[in-house]
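To be precise, the following lines are work_18.tsv, and they hold TSV, C-alpha atoms.
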```
chain	number	residue	atom	x	y	z
X	4	MET	CA	45.04	10.44	11.51
X	5	HIS	CA	42.77	13.43	10.74
X	6	LYS	CA	42.31	14.36	7.11
X	7	PRO	CA	42.95	18.02	6.22
X	8	THR	CA	39.81	20.07	5.61
X	9	LEU	CA	39.30	23.69	4.54
X	10	ALA	CA	38.35	24.72	8.07
X	11	ARG	CA	41.47	23.08	9.54
X	12	VAL	CA	43.72	24.66	6.92
X	13	ILE	CA	42.32	28.11	7.71
X	14	ALA	CA	42.39	27.58	11.46
X	15	ALA	CA	45.99	26.32	11.63
X	16	PRO	CA	47.74	29.67	10.87
X	17	PHE	CA	45.32	31.54	13.16
X	18	LEU	CA	45.98	29.18	16.07
X	19	PHE	CA	49.71	29.42	15.42
X	20	PHE	CA	49.49	33.22	15.61
X	21	ILE	CA	47.53	33.03	18.91
X	22	VAL	CA	50.19	30.72	20.39
X	23	LEU	CA	52.95	33.13	19.39
X	24	LEU	CA	51.01	36.06	20.87
X	25	ILE	CA	50.54	34.24	24.18
X	26	ALA	CA	54.19	33.22	24.24
X	27	ALA	CA	55.32	36.78	23.57
X	28	TRP	CA	52.97	38.23	26.18
X	29	THR	CA	53.92	35.79	28.94
X	30	SER	CA	57.64	36.06	28.25
X	31	GLY	CA	57.82	39.84	28.61
X	32	TYR	CA	58.35	40.49	24.91
X	33	GLN	CA	55.38	42.87	24.76
X	34	GLU	CA	57.52	45.75	26.11
X	35	ILE	CA	60.27	45.04	23.58
X	36	ILE	CA	57.72	44.90	20.78
X	37	CYS	CA	56.21	48.27	21.76
X	38	GLU	CA	59.63	49.87	22.15
X	39	GLU	CA	61.03	48.64	18.83
X	40	THR	CA	57.86	49.51	16.90
X	41	LYS	CA	57.52	52.97	18.56
X	42	ARG	CA	53.98	52.26	19.76
X	43	GLY	CA	52.77	53.09	23.24
X	44	GLU	CA	49.35	51.60	23.11
X	45	GLU	CA	48.40	49.06	25.71
X	46	LEU	CA	47.76	46.42	23.03
X	47	CYS	CA	50.68	47.35	20.81
X	48	SER	CA	52.09	43.81	21.01
X	49	ALA	CA	48.95	42.41	19.44
X	50	TYR	CA	49.09	44.98	16.62
X	51	ASN	CA	52.82	44.70	15.92
X	52	LEU	CA	53.60	41.06	16.70
X	53	ALA	CA	54.07	40.08	13.06
X	54	PHE	CA	56.26	43.13	12.41
X	55	PHE	CA	58.34	42.34	15.50
X	56	PHE	CA	58.98	38.78	14.36
X	57	LEU	CA	59.94	40.02	10.92
X	58	ILE	CA	62.55	42.28	12.54
X	59	LYS	CA	63.93	39.40	14.59
X	60	LEU	CA	63.90	37.13	11.58
X	61	ARG	CA	65.92	39.69	9.59
X	62	GLU	CA	68.43	39.99	12.43
X	63	PHE	CA	68.77	36.20	12.58
X	64	VAL	CA	69.27	35.95	8.83
X	65	ASP	CA	71.89	38.70	8.84
X	66	LYS	CA	73.76	37.03	11.67
X	67	TYR	CA	73.68	33.47	10.33
X	68	ASP	CA	73.50	34.01	6.58
X	69	GLY	CA	76.43	31.65	5.89
X	70	LEU	CA	74.88	28.85	7.95
X	71	ILE	CA	71.47	29.37	6.37
X	72	THR	CA	73.01	29.26	2.88
X	73	ALA	CA	74.81	26.02	3.70
X	74	LEU	CA	71.67	24.45	5.16
X	75	ALA	CA	69.64	25.56	2.14
X	76	THR	CA	72.25	24.07	-0.20
X	77	LEU	CA	72.11	20.78	1.70
X	78	ALA	CA	68.31	20.79	1.62
X	79	ILE	CA	68.27	21.45	-2.13
X	80	GLY	CA	70.86	18.71	-2.66
X	81	ALA	CA	68.86	16.24	-0.56
X	82	PHE	CA	65.66	17.12	-2.40
X	83	THR	CA	67.38	16.75	-5.79
X	84	TYR	CA	68.84	13.37	-4.80
X	85	THR	CA	65.46	12.15	-3.53
X	86	LEU	CA	63.78	13.30	-6.73
X	87	TRP	CA	66.44	11.58	-8.83
X	88	LYS	CA	66.10	8.32	-6.88
X	89	SER	CA	62.32	8.35	-7.25
X	90	THR	CA	62.56	9.08	-10.97
X	91	ASP	CA	65.19	6.39	-11.46
X	92	LYS	CA	63.09	3.87	-9.54
X	93	LEU	CA	60.01	4.62	-11.65
X	94	TRP	CA	62.08	4.42	-14.84
X	95	ARG	CA	63.58	1.07	-13.87
X	96	ALA	CA	60.19	-0.34	-12.89
X	97	GLY	CA	58.72	0.74	-16.22
X	98	ARG	CA	61.69	-0.64	-18.12
X	99	ASP	CA	61.58	-3.99	-16.28
X	100	GLU	CA	57.85	-4.27	-16.97
X	101	PHE	CA	58.42	-3.54	-20.65
X	102	ILE	CA	61.31	-6.02	-20.90
X	103	ALA	CA	59.32	-8.75	-19.11
X	104	GLY	CA	56.52	-8.33	-21.65
X	105	ARG	CA	58.84	-8.32	-24.67
X	106	ARG	CA	61.54	-10.89	-23.78
X	107	PRO	CA	61.76	-14.40	-25.27
X	108	TRP	CA	60.70	-17.49	-23.31
X	109	THR	CA	62.17	-20.71	-24.69
X	110	GLY	CA	60.29	-23.80	-23.54
X	111	ILE	CA	60.62	-27.54	-24.09
X	112	VAL	CA	57.61	-28.91	-25.97
X	113	SER	CA	58.78	-32.55	-26.01
X	114	VAL	CA	61.90	-34.66	-25.60
X	115	LYS	CA	62.98	-38.17	-26.64
X	116	MET	CA	66.13	-40.23	-26.90
X	117	GLY	CA	67.95	-39.30	-30.07
X	118	SER	CA	70.31	-42.30	-30.01
X	119	SER	CA	71.10	-45.49	-28.16
X	120	LEU	CA	72.41	-45.24	-24.60
X	121	SER	CA	75.90	-46.62	-24.11
X	122	ILE	CA	76.91	-47.39	-20.50
X	123	SER	CA	80.20	-48.75	-19.27
X	124	GLU	CA	81.90	-48.82	-15.88
X	125	THR	CA	83.37	-45.36	-16.48
X	126	SER	CA	81.16	-43.53	-18.98
X	127	VAL	CA	77.63	-42.90	-20.20
X	128	THR	CA	76.98	-41.45	-23.65
X	129	GLY	CA	73.85	-40.68	-25.62
X	130	THR	CA	71.78	-37.97	-27.29
X	131	LEU	CA	68.56	-36.19	-26.34
X	132	SER	CA	66.33	-34.82	-29.09
X	133	PHE	CA	64.28	-31.76	-28.08
X	134	GLU	CA	61.40	-29.89	-29.65
X	135	LEU	CA	61.73	-26.27	-28.56
X	136	ARG	CA	59.38	-23.32	-28.88
X	137	ASN	CA	59.75	-19.61	-28.24
X	138	PHE	CA	56.68	-18.57	-26.22
X	139	GLY	CA	57.87	-14.97	-25.89
X	140	ASN	CA	57.64	-11.85	-28.05
X	141	SER	CA	61.27	-11.45	-29.17
X	142	PRO	CA	63.82	-13.75	-30.81
X	143	ALA	CA	65.69	-16.13	-28.51
X	144	GLU	CA	69.26	-15.90	-29.75
X	145	TYR	CA	72.19	-18.31	-29.48
X	146	VAL	CA	69.99	-21.12	-28.17
X	147	LEU	CA	72.20	-23.92	-26.88
X	148	GLY	CA	71.62	-26.90	-24.60
X	149	GLN	CA	73.63	-29.05	-22.25
X	150	ALA	CA	72.81	-32.34	-20.54
X	151	LYS	CA	74.45	-34.91	-18.31
X	152	PHE	CA	73.65	-38.35	-16.92
X	153	PHE	CA	73.34	-38.98	-13.16
X	154	ALA	CA	72.75	-42.26	-11.33
X	155	PHE	CA	69.52	-42.44	-9.29
X	156	GLU	CA	71.25	-41.73	-5.96
X	157	GLN	CA	72.82	-38.59	-7.46
X	158	VAL	CA	69.51	-36.76	-7.64
X	159	GLY	CA	70.84	-33.80	-5.64
X	160	ASP	CA	73.73	-33.37	-8.06
X	161	ALA	CA	71.28	-33.59	-10.98
X	162	VAL	CA	69.16	-30.74	-9.59
X	163	GLN	CA	72.20	-28.57	-8.98
X	164	PHE	CA	73.52	-29.21	-12.47
X	165	SER	CA	70.21	-28.16	-14.03
X	166	GLY	CA	70.74	-24.65	-12.67
X	167	ARG	CA	74.40	-24.42	-13.65
X	168	ALA	CA	74.90	-22.56	-16.92
X	169	GLU	CA	77.71	-20.43	-18.22
X	170	ARG	CA	76.88	-17.53	-20.48
X	171	THR	CA	76.38	-18.69	-24.07
X	172	LEU	CA	79.04	-17.58	-26.51
X	173	GLY	CA	77.77	-14.95	-28.93
X	174	SER	CA	78.73	-16.98	-32.00
X	175	VAL	CA	77.27	-20.34	-30.96
X	176	GLY	CA	73.67	-21.56	-31.03
X	177	THR	CA	70.39	-21.20	-32.89
X	178	THR	CA	67.89	-18.34	-33.11
X	179	ILE	CA	64.23	-19.14	-32.41
X	180	PHE	CA	61.73	-16.46	-33.39
X	181	PRO	CA	58.49	-15.73	-31.49
X	182	GLY	CA	56.02	-18.59	-31.89
X	183	GLN	CA	58.51	-20.69	-33.84
X	184	ILE	CA	58.93	-24.40	-33.05
X	185	LEU	CA	62.25	-26.14	-33.75
X	186	PRO	CA	62.13	-29.97	-33.77
X	187	ASP	CA	65.04	-32.39	-33.49
X	188	GLN	CA	67.40	-30.17	-31.53
X	189	ASN	CA	69.94	-32.81	-30.53
X	190	ILE	CA	71.97	-32.43	-27.34
X	191	GLY	CA	74.67	-34.98	-26.61
X	192	PHE	CA	75.49	-36.01	-23.05
X	193	PHE	CA	78.37	-38.00	-21.61
X	194	THR	CA	80.35	-38.64	-18.46
X	195	LEU	CA	84.13	-38.65	-18.31
X	196	PRO	CA	86.21	-41.58	-16.99
X	197	GLU	CA	88.01	-39.25	-14.55
X	198	GLU	CA	84.68	-38.53	-12.84
X	199	GLY	CA	84.74	-42.04	-11.36
X	200	PHE	CA	83.00	-45.35	-11.82
X	201	ILE	CA	79.33	-45.57	-12.76
X	202	SER	CA	77.36	-47.18	-9.96
X	203	PRO	CA	74.82	-49.90	-10.82
X	204	THR	CA	71.42	-48.19	-10.83
X	205	GLN	CA	67.80	-49.11	-11.45
X	206	SER	CA	67.22	-45.83	-13.27
X	207	GLY	CA	68.99	-42.51	-13.76
X	208	PHE	CA	68.49	-38.82	-14.37
X	209	LEU	CA	69.23	-36.69	-17.41
X	210	ALA	CA	69.67	-33.12	-16.20
X	211	GLY	CA	70.66	-29.90	-17.88
X	212	ASN	CA	69.24	-26.73	-19.37
X	213	ILE	CA	68.48	-24.82	-22.54
X	214	ARG	CA	70.39	-21.52	-22.64
X	215	TYR	CA	69.49	-18.49	-24.73
X	216	PHE	CA	70.23	-14.79	-25.07
X	217	PHE	CA	68.08	-11.64	-25.30
X	218	SER	CA	70.06	-8.90	-27.02
X	219	VAL	CA	67.69	-6.00	-26.20
X	220	ASP	CA	68.81	-5.87	-22.56
X	221	ASP	CA	71.87	-8.10	-22.90
X	222	SER	CA	70.35	-10.75	-20.63
X	223	PHE	CA	71.10	-14.48	-20.42
X	224	HIS	CA	68.33	-16.98	-19.61
X	225	THR	CA	67.96	-20.71	-18.99
X	226	THR	CA	65.24	-23.36	-19.09
X	227	PRO	CA	66.36	-26.14	-16.68
X	228	PHE	CA	65.19	-29.74	-16.87
X	229	VAL	CA	65.56	-33.02	-14.95
X	230	TYR	CA	64.21	-36.18	-16.63
X	231	LEU	CA	63.93	-39.67	-15.17
X	232	LEU	CA	65.47	-42.29	-17.47
X	233	SER	CA	64.58	-45.98	-17.19
X	234	ARG	CA	64.04	-49.13	-19.26
X	235	ASN	CA	60.61	-49.89	-20.68
X	236	ASP	CA	60.64	-53.43	-19.20
X	237	GLY	CA	61.48	-52.23	-15.67
X	238	SER	CA	64.87	-53.95	-15.48
X	239	ALA	CA	67.96	-52.21	-14.11
X	240	LEU	CA	69.30	-49.46	-16.29
X	241	PHE	CA	72.86	-50.52	-15.47
X	242	ASP	CA	73.89	-53.63	-13.55
X	243	GLY	CA	77.63	-53.07	-13.64
X	244	ASN	CA	78.23	-54.69	-17.01
X	245	PRO	CA	78.84	-52.60	-20.17
X	246	THR	CA	75.67	-52.36	-22.21
X	247	ILE	CA	74.02	-50.54	-25.10
X	248	ILE	CA	70.29	-49.84	-24.83
X	249	LYS	CA	68.31	-48.89	-27.92
X	250	ALA	CA	66.40	-45.60	-27.83
X	251	ASP	CA	63.06	-47.41	-28.32
X	252	ASP	CA	63.71	-49.47	-25.18
X	253	LEU	CA	64.03	-46.39	-22.95
X	254	THR	CA	61.45	-44.20	-21.24
X	255	ILE	CA	61.97	-40.52	-20.41
X	256	LEU	CA	59.66	-38.90	-17.85
X	257	PRO	CA	59.67	-35.23	-16.75
X	258	THR	CA	60.06	-34.55	-13.01
X	259	PRO	CA	59.05	-31.56	-10.88
X	260	MET	CA	62.66	-31.23	-9.76
X	261	GLY	CA	65.19	-28.81	-11.13
X	262	LYS	CA	65.91	-25.12	-10.84
X	263	SER	CA	63.38	-22.48	-11.87
X	264	PRO	CA	63.58	-20.90	-15.33
X	265	THR	CA	65.31	-17.55	-15.54
```

Using C-alpha coordinates, write down the structure from this file.
Amino acid sequence: MHKPTLARVIAAPFLFFIVLLIAAWTSGYQEIICEETKRGEELCSAYNLAFFFLIKLREFVDKYDGLITALATLAIGAFTYTLWKSTDKLWRAGRDEFIAGRRPWTGIVSVKMGSSLSISETSVTGTLSFELRNFGNSPAEYVLGQAKFFAFEQVGDAVQFSGRAERTLGSVGTTIFPGQILPDQNIGFFTLPEEGFISPTQSGFLAGNIRYFFSVDDSFHTTPFVYLLSRNDGSALFDGNPTIIKADDLTILPTPMGKSPT
(Lines of atoms letter the chains of each structure in order from A and count residues from 1; the text may use other names and numbers.)
(Lines give C-alpha, C1' and ligand atoms only; values in the text may rest on other atoms or scores of the structure.)
Protein backbone atom coordinates (compact mmCIF):
# COMPACT_ATOMS: atom_id res chain seq x y z
CA MET A 1 0.00 0.00 0.00
CA HIS A 2 1.42 3.40 -1.06
CA LYS A 3 2.09 5.92 1.67
CA PRO A 4 0.57 9.39 1.15
CA THR A 5 3.06 12.06 0.11
CA LEU A 6 2.67 15.80 -0.51
CA ALA A 7 2.80 15.31 -4.26
CA ARG A 8 0.10 12.61 -4.16
CA VAL A 9 -2.12 14.72 -1.92
CA ILE A 10 -1.87 17.66 -4.33
CA ALA A 11 -2.29 15.50 -7.42
CA ALA A 12 -5.38 13.62 -6.19
CA PRO A 13 -7.88 16.55 -6.42
CA PHE A 14 -6.42 17.63 -9.78
CA LEU A 15 -6.78 14.15 -11.26
CA PHE A 16 -10.30 13.92 -9.87
CA PHE A 17 -11.18 17.19 -11.60
CA ILE A 18 -9.72 15.94 -14.92
CA VAL A 19 -11.79 12.74 -14.67
CA LEU A 20 -14.96 14.76 -14.07
CA LEU A 21 -14.14 17.02 -17.01
CA ILE A 22 -13.63 14.05 -19.33
CA ALA A 23 -16.82 12.42 -18.09
CA ALA A 24 -18.81 15.61 -18.64
CA TRP A 25 -17.34 16.17 -22.10
CA THR A 26 -17.92 12.62 -23.34
CA SER A 27 -21.44 12.43 -21.93
CA GLY A 28 -22.73 15.54 -23.70
CA TYR A 29 -22.91 17.66 -20.56
CA GLN A 30 -20.74 20.39 -22.10
CA GLU A 31 -23.76 21.88 -23.92
CA ILE A 32 -25.84 21.86 -20.72
CA ILE A 33 -22.99 23.49 -18.82
CA CYS A 34 -22.64 26.28 -21.39
CA GLU A 35 -26.39 26.84 -21.54
CA GLU A 36 -26.92 26.97 -17.77
CA THR A 37 -23.89 29.21 -17.19
CA LYS A 38 -24.77 31.56 -20.11
CA ARG A 39 -21.37 31.09 -21.75
CA GLY A 40 -20.92 30.50 -25.45
CA GLU A 41 -17.24 29.92 -25.59
CA GLU A 42 -15.98 26.73 -27.10
CA LEU A 43 -14.26 25.75 -23.84
CA CYS A 44 -16.99 26.97 -21.53
CA SER A 45 -17.37 23.52 -19.96
CA ALA A 46 -13.78 23.62 -18.78
CA TYR A 47 -14.25 27.09 -17.28
CA ASN A 48 -17.62 26.43 -15.63
CA LEU A 49 -17.44 22.75 -14.68
CA ALA A 50 -17.13 23.43 -10.96
CA PHE A 51 -19.98 25.96 -11.07
CA PHE A 52 -22.15 23.48 -12.97
CA PHE A 53 -21.59 20.75 -10.40
CA LEU A 54 -22.40 23.19 -7.60
CA ILE A 55 -25.73 23.93 -9.31
CA LYS A 56 -26.51 20.23 -9.64
CA LEU A 57 -25.43 19.60 -6.08
CA ARG A 58 -27.80 22.33 -4.84
CA GLU A 59 -30.66 20.83 -6.86
CA PHE A 60 -29.93 17.39 -5.41
CA VAL A 61 -29.83 18.75 -1.87
CA ASP A 62 -33.10 20.64 -2.34
CA LYS A 63 -34.79 17.55 -3.72
CA TYR A 64 -33.53 15.05 -1.13
CA ASP A 65 -33.00 17.24 1.92
CA GLY A 66 -35.02 14.91 4.18
CA LEU A 67 -33.05 11.84 3.11
CA ILE A 68 -29.74 13.67 3.46
CA THR A 69 -30.70 14.84 6.97
CA ALA A 70 -31.61 11.28 7.97
CA LEU A 71 -28.38 9.88 6.54
CA ALA A 72 -26.35 12.59 8.27
CA THR A 73 -28.10 11.83 11.56
CA LEU A 74 -27.30 8.13 11.17
CA ALA A 75 -23.68 8.92 10.31
CA ILE A 76 -23.32 11.18 13.35
CA GLY A 77 -24.93 8.52 15.54
CA ALA A 78 -22.63 5.81 14.18
CA PHE A 79 -19.59 8.02 14.68
CA THR A 80 -20.66 8.88 18.24
CA TYR A 81 -21.23 5.20 19.06
CA THR A 82 -17.85 4.22 17.60
CA LEU A 83 -16.14 6.98 19.56
CA TRP A 84 -17.90 5.90 22.76
CA LYS A 85 -16.92 2.25 22.24
CA SER A 86 -13.29 3.19 21.64
CA THR A 87 -13.22 5.43 24.70
CA ASP A 88 -14.90 2.79 26.84
CA LYS A 89 -12.45 0.13 25.63
CA LEU A 90 -9.46 2.34 26.45
CA TRP A 91 -10.93 3.19 29.86
CA ARG A 92 -11.55 -0.47 30.70
CA ALA A 93 -8.06 -1.47 29.57
CA GLY A 94 -6.52 1.24 31.73
CA ARG A 95 -8.70 0.30 34.68
CA ASP A 96 -7.90 -3.42 34.35
CA GLU A 97 -4.18 -2.63 34.17
CA PHE A 98 -4.43 -0.46 37.27
CA ILE A 99 -6.44 -3.08 39.18
CA ALA A 100 -4.03 -5.88 38.20
CA GLY A 101 -1.14 -3.83 39.60
CA ARG A 102 -2.94 -2.93 42.83
CA ARG A 103 -4.90 -6.09 43.72
CA PRO A 104 -3.92 -8.54 46.49
CA TRP A 105 -2.32 -11.90 45.73
CA THR A 106 -2.62 -14.38 48.59
CA GLY A 107 -0.12 -17.23 48.34
CA ILE A 108 0.70 -20.31 50.39
CA VAL A 109 4.20 -20.08 51.88
CA SER A 110 4.12 -23.47 53.65
CA VAL A 111 1.69 -26.10 54.88
CA LYS A 112 1.78 -28.92 57.45
CA MET A 113 -0.59 -31.21 59.28
CA GLY A 114 -2.16 -29.34 62.15
CA SER A 115 -3.56 -32.44 63.87
CA SER A 116 -3.66 -36.22 63.69
CA LEU A 117 -5.46 -37.84 60.77
CA SER A 118 -8.46 -39.94 61.73
CA ILE A 119 -9.68 -42.43 59.09
CA SER A 120 -12.60 -44.81 59.34
CA GLU A 121 -14.65 -46.71 56.79
CA THR A 122 -16.94 -43.71 56.30
CA SER A 123 -15.02 -40.56 57.25
CA VAL A 124 -11.67 -38.78 57.21
CA THR A 125 -11.00 -35.85 59.52
CA GLY A 126 -7.98 -33.68 60.20
CA THR A 127 -6.55 -30.17 60.10
CA LEU A 128 -4.12 -28.41 57.76
CA SER A 129 -2.01 -25.55 59.11
CA PHE A 130 -1.06 -22.93 56.50
CA GLU A 131 1.37 -20.04 56.44
CA LEU A 132 -0.11 -17.42 54.12
CA ARG A 133 1.33 -14.24 52.65
CA ASN A 134 -0.15 -11.37 50.70
CA PHE A 135 2.20 -10.76 47.76
CA GLY A 136 0.01 -8.00 46.32
CA ASN A 137 -0.35 -4.27 46.93
CA SER A 138 -3.76 -4.12 48.65
CA PRO A 139 -5.32 -5.89 51.64
CA ALA A 140 -6.73 -9.36 51.01
CA GLU A 141 -10.02 -9.31 52.88
CA TYR A 142 -12.16 -12.10 54.31
CA VAL A 143 -9.46 -14.72 53.74
CA LEU A 144 -10.95 -18.16 54.25
CA GLY A 145 -9.87 -21.67 53.27
CA GLN A 146 -11.49 -24.99 52.54
CA ALA A 147 -10.02 -28.46 52.14
CA LYS A 148 -11.15 -32.03 51.59
CA PHE A 149 -9.62 -35.50 51.53
CA PHE A 150 -9.65 -37.67 48.38
CA ALA A 151 -8.42 -41.23 47.92
CA PHE A 152 -5.58 -41.67 45.41
CA GLU A 153 -7.86 -42.88 42.60
CA GLN A 154 -10.04 -39.76 43.06
CA VAL A 155 -7.38 -37.44 41.67
CA GLY A 156 -9.75 -36.01 39.05
CA ASP A 157 -12.29 -35.12 41.73
CA ALA A 158 -9.51 -33.52 43.81
CA VAL A 159 -8.48 -31.25 40.93
CA GLN A 160 -12.07 -30.21 40.26
CA PHE A 161 -12.67 -29.47 43.93
CA SER A 162 -9.61 -27.22 44.08
CA GLY A 163 -11.28 -24.86 41.61
CA ARG A 164 -14.68 -24.93 43.28
CA ALA A 165 -15.25 -21.95 45.55
CA GLU A 166 -18.33 -20.06 46.54
CA ARG A 167 -18.06 -16.35 47.18
CA THR A 168 -16.77 -15.67 50.70
CA LEU A 169 -19.29 -14.12 53.06
CA GLY A 170 -18.48 -10.50 53.85
CA SER A 171 -18.41 -11.09 57.61
CA VAL A 172 -16.22 -14.20 57.67
CA GLY A 173 -12.45 -14.53 57.34
CA THR A 174 -9.18 -12.75 58.05
CA THR A 175 -7.57 -9.67 56.49
CA ILE A 176 -3.97 -9.97 55.29
CA PHE A 177 -2.21 -6.70 54.49
CA PRO A 178 0.40 -6.28 51.72
CA GLY A 179 3.60 -8.12 52.61
CA GLN A 180 2.09 -9.57 55.78
CA ILE A 181 2.63 -13.25 56.66
CA LEU A 182 0.06 -15.09 58.78
CA PRO A 183 1.25 -18.41 60.29
CA ASP A 184 -0.87 -21.21 61.72
CA GLN A 185 -4.00 -20.61 59.68
CA ASN A 186 -5.81 -23.86 60.46
CA ILE A 187 -8.27 -25.34 57.99
CA GLY A 188 -10.22 -28.42 59.00
CA PHE A 189 -11.19 -31.07 56.47
CA PHE A 190 -13.56 -34.01 56.69
CA THR A 191 -15.69 -36.36 54.64
CA LEU A 192 -19.30 -37.17 55.44
CA PRO A 193 -20.63 -40.73 55.94
CA GLU A 194 -23.33 -40.14 53.29
CA GLU A 195 -20.60 -39.62 50.69
CA GLY A 196 -19.86 -43.36 50.78
CA PHE A 197 -17.22 -45.71 52.08
CA ILE A 198 -13.55 -44.76 52.11
CA SER A 199 -11.60 -47.04 49.79
CA PRO A 200 -8.30 -48.53 51.02
CA THR A 201 -5.55 -46.37 49.52
CA GLN A 202 -1.77 -46.19 49.55
CA SER A 203 -1.90 -42.41 49.72
CA GLY A 204 -4.45 -39.63 49.25
CA PHE A 205 -4.93 -36.04 48.21
CA LEU A 206 -5.82 -32.96 50.22
CA ALA A 207 -7.40 -30.47 47.84
CA GLY A 208 -9.03 -27.10 48.29
CA ASN A 209 -8.36 -23.39 48.00
CA ILE A 210 -7.74 -20.16 49.86
CA ARG A 211 -10.47 -17.61 49.10
CA TYR A 212 -10.19 -13.85 49.52
CA PHE A 213 -11.88 -10.62 48.53
CA PHE A 214 -10.70 -7.34 46.96
CA SER A 215 -13.12 -4.57 47.87
CA VAL A 216 -11.80 -1.94 45.41
CA ASP A 217 -13.39 -3.67 42.41
CA ASP A 218 -15.63 -6.06 44.35
CA SER A 219 -13.74 -9.10 43.03
CA PHE A 220 -13.43 -12.59 44.51
CA HIS A 221 -10.20 -14.59 44.11
CA THR A 222 -8.89 -18.06 44.96
CA THR A 223 -5.54 -19.80 45.43
CA PRO A 224 -6.16 -23.51 44.68
CA PHE A 225 -4.00 -26.35 46.00
CA VAL A 226 -3.69 -30.15 45.70
CA TYR A 227 -1.30 -31.89 48.11
CA LEU A 228 -0.25 -35.54 48.14
CA LEU A 229 -0.66 -37.09 51.59
CA SER A 230 1.19 -40.27 52.60
CA ARG A 231 2.86 -41.99 55.55
CA ASN A 232 6.53 -41.36 56.27
CA ASP A 233 7.30 -45.11 56.38
CA GLY A 234 5.68 -45.80 52.98
CA SER A 235 2.91 -48.05 54.32
CA ALA A 236 -0.69 -47.74 53.18
CA LEU A 237 -2.44 -44.63 54.33
CA PHE A 238 -5.64 -46.61 54.90
CA ASP A 239 -6.00 -50.39 54.69
CA GLY A 240 -9.71 -50.59 55.45
CA ASN A 241 -9.36 -50.61 59.23
CA PRO A 242 -10.10 -47.50 61.34
CA THR A 243 -6.88 -45.76 62.28
CA ILE A 244 -5.43 -42.56 63.70
CA ILE A 245 -2.13 -41.34 62.28
CA LYS A 246 -0.09 -38.74 64.15
CA ALA A 247 0.79 -35.55 62.30
CA ASP A 248 4.54 -36.25 62.64
CA ASP A 249 4.07 -39.58 60.84
CA LEU A 250 2.60 -37.95 57.72
CA THR A 251 4.21 -36.29 54.70
CA ILE A 252 2.56 -33.55 52.63
CA LEU A 253 3.95 -32.83 49.16
CA PRO A 254 2.76 -30.12 46.73
CA THR A 255 1.70 -31.28 43.25
CA PRO A 256 1.53 -29.42 39.93
CA MET A 257 -2.14 -30.34 39.69
CA GLY A 258 -5.04 -28.10 40.56
CA LYS A 259 -6.81 -25.15 39.01
CA SER A 260 -5.01 -21.89 38.24
CA PRO A 261 -5.17 -19.00 40.73
CA THR A 262 -7.73 -16.32 40.00

One decimal, in Å: what's the spacing between CA of Phe208 in chain X and CA of Gln157 in chain X?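 Pair CA of Phe208 in chain X / CA of Gln157 in chain X returns 8.2 Å.
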
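Near range 159-164 of chain X, within 9 Å and counting only C-alpha atoms, sit Ala150, Lys151, Phe152, Phe153, Ala154, Ala168, Phe208, Leu209, Ala210, Gly211, Asn212, Pro227, Phe228, Val229, Met260, Gly261 and Lys262 of chain X; same-chain residues fewer than 4 positions away were not included.
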
Once 6 Å is added on each side, what are the centre and the three edge lengths, in Å to one decimal, of the axis-aligned box enclosing the listed atoms of range 216-225 of chain X? Present them as AutoDock Vina command-line options.
```
--center_x 69.8 --center_y -13.3 --center_z -23.0 --size_x 16.2 --size_y 26.8 --size_z 20.0
```

In terms of the shortest atom-to-atom distance over only C-alpha atoms, which of X:Thr225, X:Ser119, X:Asp220, X:Tyr230 is closest to Ile248 in chain X?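 Residue with the minimum atom-to-atom distance to Ile248 in chain X: X:Ser119.
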
Please, which residues are within 10 Å of (70.7, -9.3, -30.3) by the file's coordinates, counting only C-alpha atoms, and could they come as an MDAnalysis selection string? chainID X and resid 141:145 173 178 216:222

Output C-alpha atoms of each residue in that selection to a file, as an mmCIF file, in the frame of the given file.
```cif
data_model
loop_
_atom_site.group_PDB
_atom_site.id
_atom_site.type_symbol
_atom_site.label_atom_id
_atom_site.label_comp_id
_atom_site.auth_asym_id
_atom_site.auth_seq_id
_atom_site.Cartn_x
_atom_site.Cartn_y
_atom_site.Cartn_z
ATOM 1 C CA SER X 141 61.270 -11.450 -29.170
ATOM 2 C CA PRO X 142 63.820 -13.750 -30.810
ATOM 3 C CA ALA X 143 65.690 -16.130 -28.510
ATOM 4 C CA GLU X 144 69.260 -15.900 -29.750
ATOM 5 C CA TYR X 145 72.190 -18.310 -29.480
ATOM 6 C CA GLY X 173 77.770 -14.950 -28.930
ATOM 7 C CA THR X 178 67.890 -18.340 -33.110
ATOM 8 C CA PHE X 216 70.230 -14.790 -25.070
ATOM 9 C CA PHE X 217 68.080 -11.640 -25.300
ATOM 10 C CA SER X 218 70.060 -8.900 -27.020
ATOM 11 C CA VAL X 219 67.690 -6.000 -26.200
ATOM 12 C CA ASP X 220 68.810 -5.870 -22.560
ATOM 13 C CA ASP X 221 71.870 -8.100 -22.900
ATOM 14 C CA SER X 222 70.350 -10.750 -20.630
#
```

Figure out the distance between CA of Ile190 in chain X and CA of Pro257 in chain X, please, to one decimal in Å.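 Separation between CA of Pro257 in chain X and CA of Ile190 in chain X: 16.5 Å.
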
Pairwise distance for CA of Thr258 in chain X and CA of Gly148 in chain X, rounded to one decimal in Å: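 So the answer is 18.1 Å.
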
Given the choices X:Gly104, X:Gly176, X:Pro203, X:Gly166, which gets closest to Asn244 in chain X if the distance is worked out from only C-alpha atoms? X:Pro203
